[in-house]
>>> print(open('protein.cif').read())   # mmCIF, C-alpha atoms
data_my_file
#
loop_
_atom_site.group_PDB
_atom_site.id
_atom_site.type_symbol
_atom_site.label_atom_id
_atom_site.label_comp_id
_atom_site.auth_asym_id
_atom_site.auth_seq_id
_atom_site.Cartn_x
_atom_site.Cartn_y
_atom_site.Cartn_z
ATOM 1 C CA MET A 4 9.580 41.456 144.166
ATOM 2 C CA ARG A 5 6.024 40.612 143.107
ATOM 3 C CA LEU A 6 4.957 44.178 143.908
ATOM 4 C CA ALA A 7 7.768 45.589 141.739
ATOM 5 C CA LEU A 8 6.781 43.339 138.819
ATOM 6 C CA LEU A 9 3.136 44.394 139.143
ATOM 7 C CA LEU A 10 4.154 48.057 139.137
ATOM 8 C CA VAL A 11 6.262 47.584 135.956
ATOM 9 C CA LEU A 12 3.350 45.895 134.186
ATOM 10 C CA LEU A 13 0.880 48.575 135.261
ATOM 11 C CA LEU A 14 3.198 51.356 134.094
ATOM 12 C CA ALA A 15 4.030 49.660 130.803
ATOM 13 C CA SER A 16 0.449 48.848 129.779
ATOM 14 C CA PRO A 17 -0.578 52.475 128.864
ATOM 15 C CA ALA A 18 2.622 52.822 126.817
ATOM 16 C CA MET A 19 1.772 49.598 124.916
ATOM 17 C CA ALA A 20 -1.786 50.785 124.389
ATOM 18 C CA GLN A 21 -0.539 54.019 122.822
ATOM 19 C CA GLN A 22 1.554 52.254 120.124
ATOM 20 C CA PRO A 23 0.331 52.971 116.574
ATOM 21 C CA PRO A 24 -1.608 50.122 114.931
ATOM 22 C CA PRO A 25 0.338 47.993 112.428
ATOM 23 C CA THR A 26 0.257 49.212 108.821
ATOM 24 C CA GLN A 27 -2.693 47.855 106.819
ATOM 25 C CA GLN A 28 -1.183 45.637 104.112
ATOM 26 C CA ASP A 29 -4.402 45.099 102.196
ATOM 27 C CA GLU A 30 -5.390 48.752 102.012
ATOM 28 C CA PHE A 31 -6.318 49.964 98.482
ATOM 29 C CA VAL A 32 -3.642 52.095 96.882
ATOM 30 C CA PRO A 33 -4.390 53.690 93.496
ATOM 31 C CA VAL A 34 -1.893 52.655 90.802
ATOM 32 C CA SER A 35 -0.903 56.281 90.249
ATOM 33 C CA GLN A 36 0.223 56.539 93.917
ATOM 34 C CA LEU A 37 2.466 53.467 93.858
ATOM 35 C CA PRO A 38 6.210 53.997 94.077
ATOM 36 C CA ALA A 39 7.881 54.300 90.660
ATOM 37 C CA GLN A 40 9.623 50.907 90.936
ATOM 38 C CA ASP A 41 6.215 49.171 91.411
ATOM 39 C CA GLN A 42 4.603 50.803 88.364
ATOM 40 C CA LEU A 43 4.734 49.097 84.961
ATOM 41 C CA PRO A 44 5.408 51.412 82.021
ATOM 42 C CA ALA A 45 2.231 51.158 79.898
ATOM 43 C CA ALA A 46 3.670 53.288 77.073
ATOM 44 C CA ARG A 47 6.604 50.914 76.511
ATOM 45 C CA LEU A 48 4.307 47.870 76.360
ATOM 46 C CA LEU A 49 1.954 49.685 73.971
ATOM 47 C CA ILE A 50 4.775 50.809 71.681
ATOM 48 C CA ALA A 51 6.278 47.302 71.724
ATOM 49 C CA ALA A 52 2.885 45.792 70.740
ATOM 50 C CA TYR A 53 2.308 48.188 67.817
ATOM 51 C CA ALA A 54 5.931 47.971 66.676
ATOM 52 C CA PHE A 55 5.702 44.175 66.611
ATOM 53 C CA VAL A 56 2.538 44.268 64.446
ATOM 54 C CA TRP A 57 4.121 46.620 61.894
ATOM 55 C CA LEU A 58 7.442 44.772 61.838
ATOM 56 C CA ALA A 59 5.765 41.362 61.471
ATOM 57 C CA VAL A 60 3.596 42.564 58.563
ATOM 58 C CA PHE A 61 6.516 44.309 56.794
ATOM 59 C CA ALA A 62 8.783 41.296 57.313
ATOM 60 C CA TYR A 63 6.112 38.982 55.875
ATOM 61 C CA VAL A 64 5.412 41.210 52.856
ATOM 62 C CA GLY A 65 9.176 41.438 52.261
ATOM 63 C CA SER A 66 9.514 37.661 52.509
ATOM 64 C CA VAL A 67 6.676 37.001 50.021
ATOM 65 C CA GLY A 68 8.049 39.683 47.678
ATOM 66 C CA ARG A 69 11.549 38.158 47.752
ATOM 67 C CA ARG A 70 10.217 34.625 47.095
ATOM 68 C CA LEU A 71 7.976 35.901 44.298
ATOM 69 C CA THR A 72 10.856 37.741 42.601
ATOM 70 C CA GLN A 73 13.046 34.596 42.759
ATOM 71 C CA VAL A 74 10.322 32.386 41.268
ATOM 72 C CA GLN A 75 9.462 34.910 38.539
ATOM 73 C CA HIS A 76 13.141 35.230 37.512
ATOM 74 C CA GLU A 77 13.362 31.453 37.352
ATOM 75 C CA VAL A 78 10.171 31.268 35.254
ATOM 76 C CA GLU A 79 11.500 33.906 32.830
ATOM 77 C CA ARG A 80 14.861 32.103 32.558
ATOM 78 C CA LEU A 81 13.193 28.757 31.825
ATOM 79 C CA GLU A 82 10.782 30.273 29.309
ATOM 80 C CA ALA A 83 13.753 31.843 27.508
ATOM 81 C CA ASP A 84 15.597 28.471 27.556
ATOM 82 C CA ILE A 85 12.548 26.682 26.131
ATOM 83 C CA LYS A 86 12.150 29.296 23.355
ATOM 84 C CA ARG A 87 15.846 28.971 22.474
ATOM 85 C CA GLY A 88 15.507 25.167 22.470
ATOM 86 C CA SER A 89 12.462 25.208 20.186
ATOM 87 C CA ARG A 90 14.283 27.447 17.630
ATOM 88 C CA THR A 91 17.270 25.098 17.306
ATOM 89 C CA MET B 25 -2.047 40.021 39.710
ATOM 90 C CA PRO B 26 -5.702 41.115 39.346
ATOM 91 C CA LYS B 27 -6.540 44.748 38.531
ATOM 92 C CA TRP B 28 -8.123 45.394 41.908
ATOM 93 C CA PHE B 29 -4.951 44.526 43.800
ATOM 94 C CA MET B 30 -3.052 47.833 43.599
ATOM 95 C CA PRO B 31 -6.024 50.158 44.390
ATOM 96 C CA PHE B 32 -6.907 47.911 47.349
ATOM 97 C CA ALA B 33 -3.284 47.915 48.506
ATOM 98 C CA ALA B 34 -3.207 51.727 48.354
ATOM 99 C CA LEU B 35 -6.509 51.952 50.264
ATOM 100 C CA THR B 36 -5.229 49.564 52.947
ATOM 101 C CA ALA B 37 -1.997 51.555 53.324
ATOM 102 C CA VAL B 38 -3.955 54.811 53.735
ATOM 103 C CA MET B 39 -6.323 53.210 56.255
ATOM 104 C CA PHE B 40 -3.484 51.736 58.308
ATOM 105 C CA THR B 41 -1.739 55.118 58.313
ATOM 106 C CA ALA B 42 -4.931 56.786 59.559
ATOM 107 C CA SER B 43 -5.692 54.151 62.209
ATOM 108 C CA PRO B 44 -3.332 55.564 64.922
ATOM 109 C CA LEU B 45 -5.287 58.854 64.800
ATOM 110 C CA LEU B 46 -8.593 57.124 65.549
ATOM 111 C CA ILE B 47 -6.969 54.973 68.226
ATOM 112 C CA ALA B 48 -5.352 57.991 69.892
ATOM 113 C CA ASN B 49 -8.676 59.893 69.884
ATOM 114 C CA ALA B 50 -10.679 57.014 71.379
ATOM 115 C CA ASP B 51 -11.466 57.284 75.108
ATOM 116 C CA TYR B 52 -9.217 55.688 77.693
ATOM 117 C CA GLU B 53 -10.652 52.596 79.358
ATOM 118 C CA SER B 54 -11.204 53.511 83.039
ATOM 119 C CA THR B 55 -9.308 50.680 84.759
ATOM 120 C CA MET B 56 -6.524 49.776 82.333
ATOM 121 C CA GLY B 57 -5.720 53.217 80.934
ATOM 122 C CA LEU B 58 -3.193 53.582 78.123
ATOM 123 C CA VAL B 59 -2.270 49.906 77.687
ATOM 124 C CA GLN B 60 -5.868 49.042 76.719
ATOM 125 C CA LYS B 61 -5.164 50.685 73.342
ATOM 126 C CA VAL B 62 -3.358 47.478 72.332
ATOM 127 C CA PHE B 63 -6.929 46.179 71.899
ATOM 128 C CA TYR B 64 -7.472 48.032 68.573
ATOM 129 C CA TYR B 65 -4.874 45.928 66.738
ATOM 130 C CA TYR B 66 -5.022 42.877 68.992
ATOM 131 C CA LEU B 67 -8.712 42.013 68.505
ATOM 132 C CA PRO B 68 -8.824 42.457 64.675
ATOM 133 C CA ALA B 69 -5.617 40.385 64.419
ATOM 134 C CA ALA B 70 -7.251 37.703 66.585
ATOM 135 C CA TRP B 71 -10.382 37.641 64.382
ATOM 136 C CA VAL B 72 -8.289 37.446 61.209
ATOM 137 C CA PHE B 73 -6.256 34.641 62.810
ATOM 138 C CA LEU B 74 -9.508 32.663 63.297
ATOM 139 C CA ILE B 75 -10.853 33.540 59.809
ATOM 140 C CA SER B 76 -7.564 32.436 58.284
ATOM 141 C CA ALA B 77 -7.665 29.078 60.099
ATOM 142 C CA ILE B 78 -11.249 28.561 58.816
ATOM 143 C CA VAL B 79 -10.253 29.464 55.222
ATOM 144 C CA CYS B 80 -7.349 27.001 55.485
ATOM 145 C CA GLY B 81 -9.651 24.265 56.849
ATOM 146 C CA VAL B 82 -12.448 24.778 54.294
ATOM 147 C CA ALA B 83 -10.007 24.938 51.354
ATOM 148 C CA SER B 84 -8.267 21.797 52.667
ATOM 149 C CA ALA B 85 -11.596 19.949 52.955
ATOM 150 C CA ARG B 86 -12.450 20.924 49.362
ATOM 151 C CA PHE B 87 -8.972 19.847 48.248
ATOM 152 C CA LEU B 88 -9.415 16.444 49.943
ATOM 153 C CA VAL B 89 -12.812 15.964 48.284
ATOM 154 C CA SER B 90 -12.101 17.331 44.797
ATOM 155 C CA GLY B 91 -8.294 17.198 44.569
ATOM 156 C CA SER B 92 -8.377 20.735 43.146
ATOM 157 C CA PRO B 93 -4.841 22.287 43.118
ATOM 158 C CA ARG B 94 -6.459 25.728 43.375
ATOM 159 C CA GLN B 95 -7.945 24.848 46.768
ATOM 160 C CA ASP B 96 -4.596 23.443 47.871
ATOM 161 C CA ARG B 97 -2.841 26.701 46.966
ATOM 162 C CA LEU B 98 -5.474 28.674 48.883
ATOM 163 C CA ALA B 99 -5.078 26.425 51.944
ATOM 164 C CA TYR B 100 -1.278 26.753 51.868
ATOM 165 C CA ALA B 101 -1.507 30.552 51.653
ATOM 166 C CA ALA B 102 -4.073 30.727 54.476
ATOM 167 C CA ALA B 103 -1.926 28.488 56.723
ATOM 168 C CA GLU B 104 0.977 30.911 56.410
ATOM 169 C CA LEU B 105 -1.313 33.835 57.279
ATOM 170 C CA THR B 106 -2.664 31.898 60.280
ATOM 171 C CA VAL B 107 0.927 31.709 61.547
ATOM 172 C CA LEU B 108 1.497 35.436 60.878
ATOM 173 C CA PHE B 109 -1.682 36.715 62.566
ATOM 174 C CA GLY B 110 -1.396 34.098 65.325
ATOM 175 C CA ALA B 111 2.097 35.408 66.112
ATOM 176 C CA ILE B 112 0.685 38.950 66.340
ATOM 177 C CA VAL B 113 -2.011 37.773 68.768
ATOM 178 C CA LEU B 114 0.368 35.699 70.875
ATOM 179 C CA VAL B 115 2.885 38.540 71.212
ATOM 180 C CA THR B 116 0.632 41.587 71.638
ATOM 181 C CA GLY B 117 -1.756 39.736 74.005
ATOM 182 C CA PRO B 118 0.902 39.046 76.662
ATOM 183 C CA LEU B 119 2.219 42.631 76.357
ATOM 184 C CA TRP B 120 -1.276 43.847 77.251
ATOM 185 C CA ALA B 121 -1.810 41.142 79.885
ATOM 186 C CA ARG B 122 1.416 41.996 81.734
ATOM 187 C CA LYS B 123 -0.003 45.400 82.606
ATOM 188 C CA ALA B 124 -3.704 44.526 82.869
ATOM 189 C CA TRP B 125 -3.467 41.163 84.671
ATOM 190 C CA GLY B 126 0.003 41.361 86.185
ATOM 191 C CA VAL B 127 1.167 38.240 84.312
ATOM 192 C CA TRP B 128 2.512 37.620 80.819
ATOM 193 C CA TRP B 129 0.594 34.370 80.327
ATOM 194 C CA GLN B 130 -2.125 32.237 81.919
ATOM 195 C CA TRP B 131 -2.822 28.621 80.937
ATOM 196 C CA ASP B 132 -6.524 29.403 80.654
ATOM 197 C CA VAL B 133 -8.675 27.784 77.984
ATOM 198 C CA ARG B 134 -8.739 30.740 75.526
ATOM 199 C CA LEU B 135 -4.996 31.312 75.550
ATOM 200 C CA THR B 136 -4.113 27.625 75.466
ATOM 201 C CA SER B 137 -6.500 26.786 72.615
ATOM 202 C CA SER B 138 -5.223 29.806 70.632
ATOM 203 C CA LEU B 139 -1.655 28.584 71.100
ATOM 204 C CA MET B 140 -2.779 25.125 69.951
ATOM 205 C CA GLY B 141 -4.398 26.596 66.810
ATOM 206 C CA TRP B 142 -1.194 28.479 66.032
ATOM 207 C CA MET B 143 0.890 25.332 66.517
ATOM 208 C CA VAL B 144 -1.427 23.359 64.195
ATOM 209 C CA ALA B 145 -0.810 25.991 61.488
ATOM 210 C CA TRP B 146 2.954 25.649 62.069
ATOM 211 C CA ALA B 147 2.578 21.866 61.840
ATOM 212 C CA TYR B 148 0.758 22.309 58.497
ATOM 213 C CA LEU B 149 3.647 24.379 57.095
ATOM 214 C CA LEU B 150 6.320 22.004 58.431
ATOM 215 C CA VAL B 151 4.538 18.966 56.962
ATOM 216 C CA ARG B 152 4.254 20.758 53.594
ATOM 217 C CA LYS B 153 7.937 21.698 53.624
ATOM 218 C CA TYR B 154 9.521 18.483 54.922
ATOM 219 C CA GLY B 155 6.800 15.831 54.508
ATOM 220 C CA GLY B 156 7.764 14.678 51.005
ATOM 221 C CA PRO B 157 5.286 13.161 48.522
ATOM 222 C CA GLY B 158 1.701 13.046 49.769
ATOM 223 C CA SER B 159 2.346 15.726 52.394
ATOM 224 C CA ASP B 160 -0.317 17.950 50.810
ATOM 225 C CA LYS B 161 -3.093 15.532 51.879
ATOM 226 C CA LEU B 162 -1.575 14.926 55.309
ATOM 227 C CA ALA B 163 -1.338 18.686 55.879
ATOM 228 C CA ALA B 164 -4.943 19.105 54.686
ATOM 229 C CA GLY B 165 -6.003 16.685 57.427
ATOM 230 C CA LEU B 166 -4.156 18.810 59.981
ATOM 231 C CA ALA B 167 -5.911 21.940 58.684
ATOM 232 C CA LEU B 168 -9.291 20.312 59.428
ATOM 233 C CA PHE B 169 -8.269 20.028 63.098
ATOM 234 C CA GLY B 170 -7.093 23.638 63.024
ATOM 235 C CA ALA B 171 -10.481 24.809 61.704
ATOM 236 C CA ALA B 172 -12.415 22.610 64.167
ATOM 237 C CA ASN B 173 -10.514 24.338 66.992
ATOM 238 C CA VAL B 174 -11.774 27.806 65.940
ATOM 239 C CA PRO B 175 -15.329 27.701 67.416
ATOM 240 C CA PHE B 176 -13.831 26.254 70.590
ATOM 241 C CA ILE B 177 -11.373 29.170 70.855
ATOM 242 C CA TYR B 178 -14.205 31.667 70.338
ATOM 243 C CA ILE B 179 -16.821 30.329 72.755
ATOM 244 C CA SER B 180 -14.483 28.859 75.381
ATOM 245 C CA VAL B 181 -14.412 32.078 77.437
ATOM 246 C CA ASN B 182 -18.189 31.964 77.856
ATOM 247 C CA TYR B 183 -18.161 28.436 79.326
ATOM 248 C CA TRP B 184 -14.943 28.457 81.370
ATOM 249 C CA ARG B 185 -14.883 31.751 83.222
ATOM 250 C CA THR B 186 -11.259 32.732 83.646
ATOM 251 C CA ILE B 187 -9.237 35.936 83.794
ATOM 252 C CA HIS B 188 -9.895 36.505 80.050
ATOM 253 C CA PRO B 189 -12.999 38.644 79.285
ATOM 254 C CA ALA B 190 -16.045 36.957 77.688
ATOM 255 C CA THR B 191 -17.265 37.639 74.128
ATOM 256 C CA SER B 192 -19.751 40.263 75.394
ATOM 257 C CA VAL B 193 -17.203 43.137 75.418
ATOM 258 C CA VAL B 194 -17.491 44.393 71.817
ATOM 259 C CA PRO B 195 -21.299 45.067 71.713
ATOM 260 C CA THR B 196 -21.019 47.192 74.870
ATOM 261 C CA LEU B 197 -18.235 49.504 73.646
ATOM 262 C CA PRO B 198 -18.893 53.280 73.622
ATOM 263 C CA VAL B 199 -19.216 54.894 70.173
ATOM 264 C CA ASP B 200 -15.696 56.304 69.772
ATOM 265 C CA MET B 201 -14.041 53.080 70.968
ATOM 266 C CA GLY B 202 -16.345 51.069 68.692
ATOM 267 C CA THR B 203 -15.582 53.308 65.691
ATOM 268 C CA ALA B 204 -11.826 52.885 66.165
ATOM 269 C CA LEU B 205 -12.225 49.142 66.608
ATOM 270 C CA TRP B 206 -14.393 48.562 63.504
ATOM 271 C CA PHE B 207 -12.082 50.774 61.435
ATOM 272 C CA CYS B 208 -9.131 48.599 62.502
ATOM 273 C CA VAL B 209 -11.176 45.437 61.786
ATOM 274 C CA ALA B 210 -11.725 46.730 58.206
ATOM 275 C CA CYS B 211 -7.966 47.441 57.921
ATOM 276 C CA PHE B 212 -7.028 43.933 59.017
ATOM 277 C CA ILE B 213 -9.603 42.225 56.795
ATOM 278 C CA LEU B 214 -8.353 44.198 53.760
ATOM 279 C CA LEU B 215 -4.779 43.320 54.704
ATOM 280 C CA PHE B 216 -5.731 39.645 55.028
ATOM 281 C CA VAL B 217 -7.414 39.576 51.588
ATOM 282 C CA LEU B 218 -4.414 41.302 49.969
ATOM 283 C CA LEU B 219 -1.822 39.073 51.607
ATOM 284 C CA LEU B 220 -3.864 35.978 50.788
ATOM 285 C CA ARG B 221 -4.060 36.991 47.113
ATOM 286 C CA LEU B 222 -0.341 37.790 47.023
ATOM 287 C CA ARG B 223 0.564 34.464 48.639
ATOM 288 C CA VAL B 224 -1.748 32.521 46.289
ATOM 289 C CA HIS B 225 -0.053 34.307 43.369
ATOM 290 C CA LEU B 226 3.310 33.024 44.641
ATOM 291 C CA GLU B 227 1.950 29.456 44.672
ATOM 292 C CA GLU B 228 0.565 29.938 41.127
ATOM 293 C CA GLN B 229 4.017 31.024 39.956
ATOM 294 C CA ARG B 230 5.575 27.986 41.651
ATOM 295 C CA THR B 231 3.087 25.703 39.897
ATOM 296 C CA LYS B 232 4.013 27.365 36.590
ATOM 297 C CA LEU B 233 7.703 26.848 37.364
ATOM 298 C CA ASP B 234 7.128 23.141 38.117
ATOM 299 C CA ALA B 235 5.245 22.782 34.807
ATOM 300 C CA LEU B 236 8.158 24.433 32.947
ATOM 301 C CA PHE B 237 10.684 22.086 34.584
ATOM 302 C CA LEU B 238 8.528 19.104 33.579
ATOM 303 C CA SER B 239 8.300 20.357 29.997
ATOM 304 C CA LEU B 240 12.109 20.733 29.909
ATOM 305 C CA ASP B 241 12.564 17.130 31.132
ATOM 306 C CA GLU B 242 10.292 15.864 28.381
#
>>> encode(input="protein.cif", output="structure tokens")
Amino acid sequence: MRLALLLVLLLASPAMAQQPPPTQQDEFVPVSQLPAQDQLPAARLLIAAYAFVWLAVFAYVGSVGRRLTQVQHEVERLEADIKRGSRT
Amino acid sequence: MPKWFMPFAALTAVMFTASPLLIANADYESTMGLVQKVFYYYLPAAWVFLISAIVCGVASARFLVSGSPRQDRLAYAAAELTVLFGAIVLVTGPLWARKAWGVWWQWDVRLTSSLMGWMVAWAYLLVRKYGGPGSDKLAAGLALFGAANVPFIYISVNYWRTIHPATSVVPTLPVDMGTALWFCVACFILLFVLLLRLRVHLEEQRTKLDALFLSLDE
């Protein structure tokens, strides 16, 4: 029994020695060689950043323009009211 | 509006239209690649954000000392622009960081103090809008804290080394990257001056409207 066990071990050991080494997890992989699902789309982030800048500036200019138009209409209306009041 | 406003506005529009050409022709940064091109709008917007907070703080200090309504109008206009340019920085920065650092946000000292500066500007505007009588002086006090935060935001990266690059990046840029950057800086400074003037004009019109209402009451 012991002899049989020893024989199994001796025969198995070369087979174990010939197994390929485990995959290196910390090996450097260039970004361009990563699978598609692991790569972040730089173009989309870049377009989003520039689009946000333009939209924010246009929205702000539009907001100031709208407020300015409202105030100027109100000023003109009041000035007209005051003129009318001073005539009567 | 002053005579210089429209020619300056036209010049700024032309420069902003031309800026993508310079940015596209600038070299790619070796490690970050395409996404690094966010830098050309991100950094000028960040500088204008800091300049705007300083303008708001200085005008507020002068308003507190002299009581000049002109300084108050300037501070109010600059606070709104601090919010605008701060929003640009706080949105475009994470879009760049997601690709370059692998995270949208880090609670490092530069990012956190920038967020604080932006929130102080928001606080200024909220106090002005909902604070009632005397809110102009209370908001001016807030603006002083916002301006005091600016040097801290700028130098923090040199003292607390984090994932954010230090202030030594710009002087070491190659010529074509530097040209594109300084062109965009000029664009953003022109835009800031124009928007500031436009926003001050709005406050001037509001002051005129208030005076008209008072004259009607009398």
>>> closest_atom_pairs(input="protein.cif", of="chain A", to="chain B", cutoff="12 Å", atoms="all atoms listed in the file", output="Markdown table")
| residue | atom | partner | partner_atom | distance |
| --- | --- | --- | --- | --- |
| A:Pro33 | CA | B:Thr55 | CA | 10.5 |
| A:Val34 | CA | B:Thr55 | CA | 9.8 |
| A:Ser35 | CA | B:Gly57 | CA | 10.9 |
| A:Asp41 | CA | B:Gly126 | CA | 11.3 |
| A:Gln42 | CA | B:Lys123 | CA | 9.1 |
| A:Leu43 | CA | B:Lys123 | CA | 6.5 |
| A:Pro44 | CA | B:Lys123 | CA | 8.1 |
| A:Ala45 | CA | B:Val59 | CA | 5.2 |
| A:Ala46 | CA | B:Val59 | CA | 6.9 |
| A:Arg47 | CA | B:Val59 | CA | 9.0 |
| A:Leu48 | CA | B:Leu119 | CA | 5.6 |
| A:Leu49 | CA | B:Val59 | CA | 5.6 |
| A:Ile50 | CA | B:Val62 | CA | 8.8 |
| A:Ala51 | CA | B:Leu119 | CA | 7.7 |
| A:Ala52 | CA | B:Thr116 | CA | 4.9 |
| A:Tyr53 | CA | B:Val62 | CA | 7.3 |
| A:Ala54 | CA | B:Thr116 | CA | 9.7 |
| A:Phe55 | CA | B:Ile112 | CA | 7.2 |
| A:Val56 | CA | B:Ile112 | CA | 5.9 |
| A:Trp57 | CA | B:Ile112 | CA | 9.5 |
| A:Leu58 | CA | B:Ile112 | CA | 10.0 |
| A:Ala59 | CA | B:Leu108 | CA | 7.3 |
| A:Val60 | CA | B:Leu108 | CA | 7.8 |
| A:Phe61 | CA | B:Leu108 | CA | 11.0 |
| A:Ala62 | CA | B:Leu108 | CA | 10.0 |
| A:Tyr63 | CA | B:Leu108 | CA | 7.7 |
| A:Val64 | CA | B:Leu219 | CA | 7.6 |
| A:Gly65 | CA | B:Leu219 | CA | 11.3 |
| A:Ser66 | CA | B:Arg223 | CA | 10.3 |
| A:Val67 | CA | B:Arg223 | CA | 6.8 |
| A:Gly68 | CA | B:Leu222 | CA | 8.6 |
| A:Arg69 | CA | B:Leu226 | CA | 10.2 |
| A:Arg70 | CA | B:Leu226 | CA | 7.5 |
| A:Leu71 | CA | B:Leu226 | CA | 5.5 |
| A:Thr72 | CA | B:Leu226 | CA | 9.1 |
| A:Gln73 | CA | B:Arg230 | CA | 10.0 |
| A:Val74 | CA | B:Arg230 | CA | 6.5 |
| A:Gln75 | CA | B:Gln229 | CA | 6.8 |
| A:His76 | CA | B:Leu233 | CA | 10.0 |
| A:Glu77 | CA | B:Leu233 | CA | 7.3 |
| A:Val78 | CA | B:Leu233 | CA | 5.5 |
| A:Glu79 | CA | B:Leu233 | CA | 9.2 |
| A:Arg80 | CA | B:Leu233 | CA | 10.1 |
| A:Leu81 | CA | B:Leu236 | CA | 6.7 |
| A:Glu82 | CA | B:Leu236 | CA | 7.4 |
| A:Ala83 | CA | B:Leu236 | CA | 10.8 |
| A:Asp84 | CA | B:Leu240 | CA | 8.8 |
| A:Ile85 | CA | B:Leu240 | CA | 7.1 |
| A:Lys86 | CA | B:Leu240 | CA | 10.8 |
| A:Arg87 | CA | B:Leu240 | CA | 11.7 |
| A:Gly88 | CA | B:Leu240 | CA | 9.3 |
| A:Ser89 | CA | B:Leu240 | CA | 10.7 |
>>> resolve_selection(input="protein.cif", expression="the PyMOL selection byres ((chain B and resi 147) around 12)", output="ChimeraX atom specification")
/B:100,103-104,106-107,140-146,148-155,159,162-167,169-170
>>> atom_distance(input="protein.cif", atom1="CA of Val38 in chain B", atom2="CA of Gly110 in chain B")
23.9 Å
>>> atom_distance(input="protein.cif", atom1="CA of Pro175 in chain B", atom2="CA of Cys80 in chain B")
14.4 Å
>>> atom_distance(input="protein.cif", atom1="CA of Ala99 in chain B", atom2="CA of Val82 in chain B")
7.9 Å
>>> resolve_selection(input="protein.cif", expression="the PyMOL selection byres ((chain B and resi 178) around 12)", output="VMD selection string")
chain B and resid 67 70 to 71 73 to 75 133 to 135 137 to 138 141 171 to 177 179 to 184 188 to 192
>>> write_last_selection(input="protein.cif", atoms="C-alpha atoms", output="PDB file, in the frame of the given file")
ATOM      1  CA  LEU B  67      -8.712  42.013  68.505  1.00  0.00           C
ATOM      2  CA  ALA B  70      -7.251  37.703  66.585  1.00  0.00           C
ATOM      3  CA  TRP B  71     -10.382  37.641  64.382  1.00  0.00           C
ATOM      4  CA  PHE B  73      -6.256  34.641  62.810  1.00  0.00           C
ATOM      5  CA  LEU B  74      -9.508  32.663  63.297  1.00  0.00           C
ATOM      6  CA  ILE B  75     -10.853  33.540  59.809  1.00  0.00           C
ATOM      7  CA  VAL B 133      -8.675  27.784  77.984  1.00  0.00           C
ATOM      8  CA  ARG B 134      -8.739  30.740  75.526  1.00  0.00           C
ATOM      9  CA  LEU B 135      -4.996  31.312  75.550  1.00  0.00           C
ATOM     10  CA  SER B 137      -6.500  26.786  72.615  1.00  0.00           C
ATOM     11  CA  SER B 138      -5.223  29.806  70.632  1.00  0.00           C
ATOM     12  CA  GLY B 141      -4.398  26.596  66.810  1.00  0.00           C
ATOM     13  CA  ALA B 171     -10.481  24.809  61.704  1.00  0.00           C
ATOM     14  CA  ALA B 172     -12.415  22.610  64.167  1.00  0.00           C
ATOM     15  CA  ASN B 173     -10.514  24.338  66.992  1.00  0.00           C
ATOM     16  CA  VAL B 174     -11.774  27.806  65.940  1.00  0.00           C
ATOM     17  CA  PRO B 175     -15.329  27.701  67.416  1.00  0.00           C
ATOM     18  CA  PHE B 176     -13.831  26.254  70.590  1.00  0.00           C
ATOM     19  CA  ILE B 177     -11.373  29.170  70.855  1.00  0.00           C
ATOM     20  CA  ILE B 179     -16.821  30.329  72.755  1.00  0.00           C
ATOM     21  CA  SER B 180     -14.483  28.859  75.381  1.00  0.00           C
ATOM     22  CA  VAL B 181     -14.412  32.078  77.437  1.00  0.00           C
ATOM     23  CA  ASN B 182     -18.189  31.964  77.856  1.00  0.00           C
ATOM     24  CA  TYR B 183     -18.161  28.436  79.326  1.00  0.00           C
ATOM     25  CA  TRP B 184     -14.943  28.457  81.370  1.00  0.00           C
ATOM     26  CA  HIS B 188      -9.895  36.505  80.050  1.00  0.00           C
ATOM     27  CA  PRO B 189     -12.999  38.644  79.285  1.00  0.00           C
ATOM     28  CA  ALA B 190     -16.045  36.957  77.688  1.00  0.00           C
ATOM     29  CA  THR B 191     -17.265  37.639  74.128  1.00  0.00           C
ATOM     30  CA  SER B 192     -19.751  40.263  75.394  1.00  0.00           C
TER      31      SER B 192
END
>>> axis_aligned_box(input="protein.cif", around="range 176-187 of chain B", padding_each_side="5 Å", output="JSON")
{"center_x": -13.7, "center_y": 31.1, "center_z": 77.1, "size_x": 19.0, "size_y": 19.7, "size_z": 23.5}
>>> residues_around(input="protein.cif", residues="Val194 in chain B", least_positions_apart="5", cutoff="10 Å", atoms="all atoms listed in the file", output="PDB file with C-alpha atoms, in the coordinates of the input")
ATOM      1  CA  LEU B  67      -8.712  42.013  68.505  1.00  0.00           C
ATOM      2  CA  MET B 201     -14.041  53.080  70.968  1.00  0.00           C
ATOM      3  CA  GLY B 202     -16.345  51.069  68.692  1.00  0.00           C
ATOM      4  CA  LEU B 205     -12.225  49.142  66.608  1.00  0.00           C
ATOM      5  CA  TRP B 206     -14.393  48.562  63.504  1.00  0.00           C
TER       6      TRP B 206
END
>>> decode(input="protein.cif", residues="range 103-114 of chain B", atoms="C-alpha atoms", output="short mmCIF file (atom, residue, chain, number, x, y, z; two decimals), in the first residue's frame")
data_model
loop_
_atom_site.label_atom_id
_atom_site.label_comp_id
_atom_site.auth_asym_id
_atom_site.auth_seq_id
_atom_site.Cartn_x
_atom_site.Cartn_y
_atom_site.Cartn_z
CA ALA B 103 -19.85 86.59 -7.47
CA GLU B 104 -22.14 85.39 -10.24
CA LEU B 105 -19.14 84.87 -12.55
CA THR B 106 -17.33 82.96 -9.78
CA VAL B 107 -20.29 80.55 -9.75
CA LEU B 108 -20.27 80.27 -13.57
CA PHE B 109 -16.53 79.62 -13.97
CA GLY B 110 -16.45 77.48 -10.82
CA ALA B 111 -19.17 75.27 -12.33
CA ILE B 112 -17.06 74.91 -15.50
CA VAL B 113 -14.04 73.86 -13.43
CA LEU B 114 -15.99 71.47 -11.23
#
